[in-house]
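A.B. asks: Here you go, this is input-v6.cif (mmCIF, C-alpha atoms).
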```cif
data_coords
loop_
_atom_site.label_atom_id
_atom_site.label_comp_id
_atom_site.auth_asym_id
_atom_site.auth_seq_id
_atom_site.Cartn_x
_atom_site.Cartn_y
_atom_site.Cartn_z
CA MET A 1 0.00 0.00 0.00
CA ARG A 2 1.34 3.42 -0.91
CA SER A 3 1.68 5.97 1.85
CA THR A 4 -0.59 8.40 -0.03
CA SER A 5 -3.46 5.92 0.21
CA ALA A 6 -3.07 5.48 3.97
CA PRO A 7 -5.64 7.10 6.24
CA GLY A 8 -4.68 10.66 7.05
CA ALA A 9 -2.25 10.94 4.12
CA GLY A 10 -1.91 14.49 2.90
CA GLU A 11 0.09 16.23 0.23
CA VAL A 12 2.95 14.77 -1.74
CA VAL A 13 6.09 16.90 -1.36
CA THR A 14 8.89 16.52 -3.88
CA VAL A 15 12.38 17.47 -2.78
CA ARG A 16 15.58 17.66 -4.82
CA MET A 17 18.81 16.80 -3.03
CA HIS A 18 22.48 16.78 -3.92
CA ARG A 19 24.65 13.79 -3.07
CA ASP A 20 25.48 15.20 0.37
CA GLY A 21 21.78 15.51 1.18
CA ILE A 22 21.10 11.97 -0.02
CA ALA A 23 23.98 10.68 2.13
CA ALA A 24 22.54 12.52 5.13
CA LEU A 25 19.07 11.15 4.38
CA THR A 26 20.50 7.63 4.24
CA LYS A 27 22.00 8.14 7.72
CA VAL A 28 18.64 9.41 9.00
CA GLN A 29 16.87 6.47 7.38
CA ARG A 30 19.25 3.96 9.00
CA HIS A 31 18.90 5.64 12.39
CA LEU A 32 15.12 6.02 12.39
CA GLY A 33 14.24 3.03 10.21
CA GLY A 34 11.75 2.70 7.39
CA SER A 35 11.91 4.14 3.91
CA ARG A 36 13.41 7.42 2.75
CA SER A 37 9.97 8.97 2.90
CA ASP A 38 9.52 7.68 6.46
CA GLY A 39 12.91 9.16 7.35
CA VAL A 40 11.97 12.57 5.98
CA ARG A 41 8.57 12.52 7.73
CA GLN A 42 10.04 11.45 11.07
CA ALA A 43 12.94 13.92 10.88
CA VAL A 44 10.62 16.82 10.12
CA GLN A 45 8.29 15.81 12.94
CA ILE A 46 11.13 15.44 15.47
CA VAL A 47 12.63 18.82 14.54
CA ALA A 48 9.22 20.54 14.56
CA GLU A 49 8.46 19.17 18.05
CA ALA A 50 11.88 20.24 19.34
CA LEU A 51 11.42 23.75 17.94
CA SER A 52 7.88 24.12 19.26
CA ASP A 53 8.98 23.22 22.78
CA ALA A 54 11.98 25.55 22.78
CA ALA A 55 12.44 29.18 23.69
CA SER A 56 15.81 29.35 21.89
CA ILE A 57 17.82 27.44 19.31
CA ASP A 58 20.12 26.12 22.07
CA THR A 59 17.14 24.69 23.92
CA ALA A 60 15.86 23.19 20.66
CA GLN A 61 19.21 21.52 20.01
CA LYS A 62 19.23 19.95 23.48
CA SER A 63 15.64 18.80 23.05
CA LEU A 64 16.47 17.35 19.65
CA ALA A 65 19.45 15.45 21.05
CA LYS A 66 17.22 13.95 23.77
CA ARG A 67 14.49 13.01 21.28
CA LEU A 68 16.97 11.27 18.98
CA ALA A 69 18.64 9.45 21.87
CA ALA A 70 15.24 8.16 22.97
CA ARG A 71 14.65 6.69 19.49
CA ARG A 72 18.07 5.06 19.25
CA PRO A 73 17.80 1.28 19.60
CA VAL A 74 19.57 -0.22 22.58
CA VAL A 75 21.78 -3.25 21.90
CA VAL A 76 22.25 -5.52 24.86
CA GLN A 77 25.18 -7.91 25.05
CA ALA A 78 24.03 -10.89 27.08
CA ASP A 79 26.06 -13.65 28.65
CA GLY A 80 25.08 -17.00 27.11
CA SER A 81 24.96 -18.70 30.49
CA VAL A 82 22.55 -16.06 31.81
CA LEU A 83 20.31 -16.58 28.80
CA ALA A 84 20.38 -20.33 29.36
CA ASP A 85 19.29 -19.80 32.99
CA ILE A 86 16.44 -17.55 31.89
CA ARG A 87 15.22 -20.08 29.31
#
```
Write the structure described by the file as structure tokens, please.

C.D. replies:
Amino acid sequence: MRSTSAPGAGEVVTVRMHRDGIAALTKVQRHLGGSRSDGVRQAVQIVAEALSDAASIDTAQKSLAKRLAARRPVVVQADGSVLADIR
């Protein structure tokens, strides 16, 4: 199913990017997951929320760092013997 046919879908926005922008988008996509379109949507939403909550750009940057850290997956290294005990 295309995202434009999903409930609540709005306008289609076309953006041109140079190679540097595409490389940055790929990093965002890897970090946040999903497609390029998902990456753009999530990045815009995260930045908009950080800006709306902030009184200054410094506050927005701190808020943005916290929001991104909260979305970062946590990788846990587990001891095999502990896992065996749990099972």

A.B. asks: If I take atom CA of Val28 of chain A and atom CA of Gln77 of chain A, how far is one from the other in Å, to one decimal?

C.D. replies: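 Answer for the atom CA of Val28 of chain A to atom CA of Gln77 of chain A separation: 24.5 Å.
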
A.B. asks: Select, from A:Asp79, A:Gln42, A:Ile57, A:Arg36, the residue with the minimum atom-to-atom distance to Ala23 of chain A, counting only C-alpha atoms.

C.D. replies: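 Smallest separation from Ala23 of chain A among the options: A:Arg36.
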
A.B. asks: Atom CA of Ile46 of chain A to atom CA of Leu68 of chain A: how many Å, to one decimal?

C.D. replies: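 We find that atom CA of Ile46 of chain A and atom CA of Leu68 of chain A lie 8.0 Å from each other.
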
A.B. asks: Which value, in Å to one decimal, gives the distance between atom CA of Asp53 of chain A and atom CA of Ser35 of chain A?

C.D. replies: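 Computed distance, atom CA of Asp53 of chain A to atom CA of Ser35 of chain A, equals 27.0 Å.
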
A.B. asks: In the coordinate frame of the file, compute which residues have an atom within 12 Å of (12.9, 14.7, 25.0) when using all atoms listed in the file, and state them as a list in words.

C.D. replies: Ile46, Val47, Glu49, Ala50, Leu51, Asp53, Ala54, Thr59, Ala60, Gln61, Lys62, Ser63, Leu64, Ala65, Lys66, Arg67, Leu68, Ala69, Ala70 and Arg71 of chain A

A.B. asks: Save the residues we just selected, C-alpha atoms, as an mmCIF file, in the coordinates of the input?

C.D. replies:
```
data_model
loop_
_atom_site.group_PDB
_atom_site.id
_atom_site.type_symbol
_atom_site.label_atom_id
_atom_site.label_comp_id
_atom_site.auth_asym_id
_atom_site.auth_seq_id
_atom_site.Cartn_x
_atom_site.Cartn_y
_atom_site.Cartn_z
ATOM 1 C CA ILE A 46 11.130 15.440 15.470
ATOM 2 C CA VAL A 47 12.630 18.820 14.540
ATOM 3 C CA GLU A 49 8.460 19.170 18.050
ATOM 4 C CA ALA A 50 11.880 20.240 19.340
ATOM 5 C CA LEU A 51 11.420 23.750 17.940
ATOM 6 C CA ASP A 53 8.980 23.220 22.780
ATOM 7 C CA ALA A 54 11.980 25.550 22.780
ATOM 8 C CA THR A 59 17.140 24.690 23.920
ATOM 9 C CA ALA A 60 15.860 23.190 20.660
ATOM 10 C CA GLN A 61 19.210 21.520 20.010
ATOM 11 C CA LYS A 62 19.230 19.950 23.480
ATOM 12 C CA SER A 63 15.640 18.800 23.050
ATOM 13 C CA LEU A 64 16.470 17.350 19.650
ATOM 14 C CA ALA A 65 19.450 15.450 21.050
ATOM 15 C CA LYS A 66 17.220 13.950 23.770
ATOM 16 C CA ARG A 67 14.490 13.010 21.280
ATOM 17 C CA LEU A 68 16.970 11.270 18.980
ATOM 18 C CA ALA A 69 18.640 9.450 21.870
ATOM 19 C CA ALA A 70 15.240 8.160 22.970
ATOM 20 C CA ARG A 71 14.650 6.690 19.490
#
```

A.B. asks: The PyMOL selection byres ((chain A and resi 39) around 12) - which residues does that actually catch in the file I just gave you? List them as a list in words.

C.D. replies: Ile22, Ala24, Leu25, Thr26, Lys27, Val28, Gln29, Arg30, His31, Leu32, Gly33, Gly34, Ser35, Arg36, Ser37, Asp38, Val40, Arg41, Gln42, Ala43, Val44, Gln45 and Ile46 of chain A
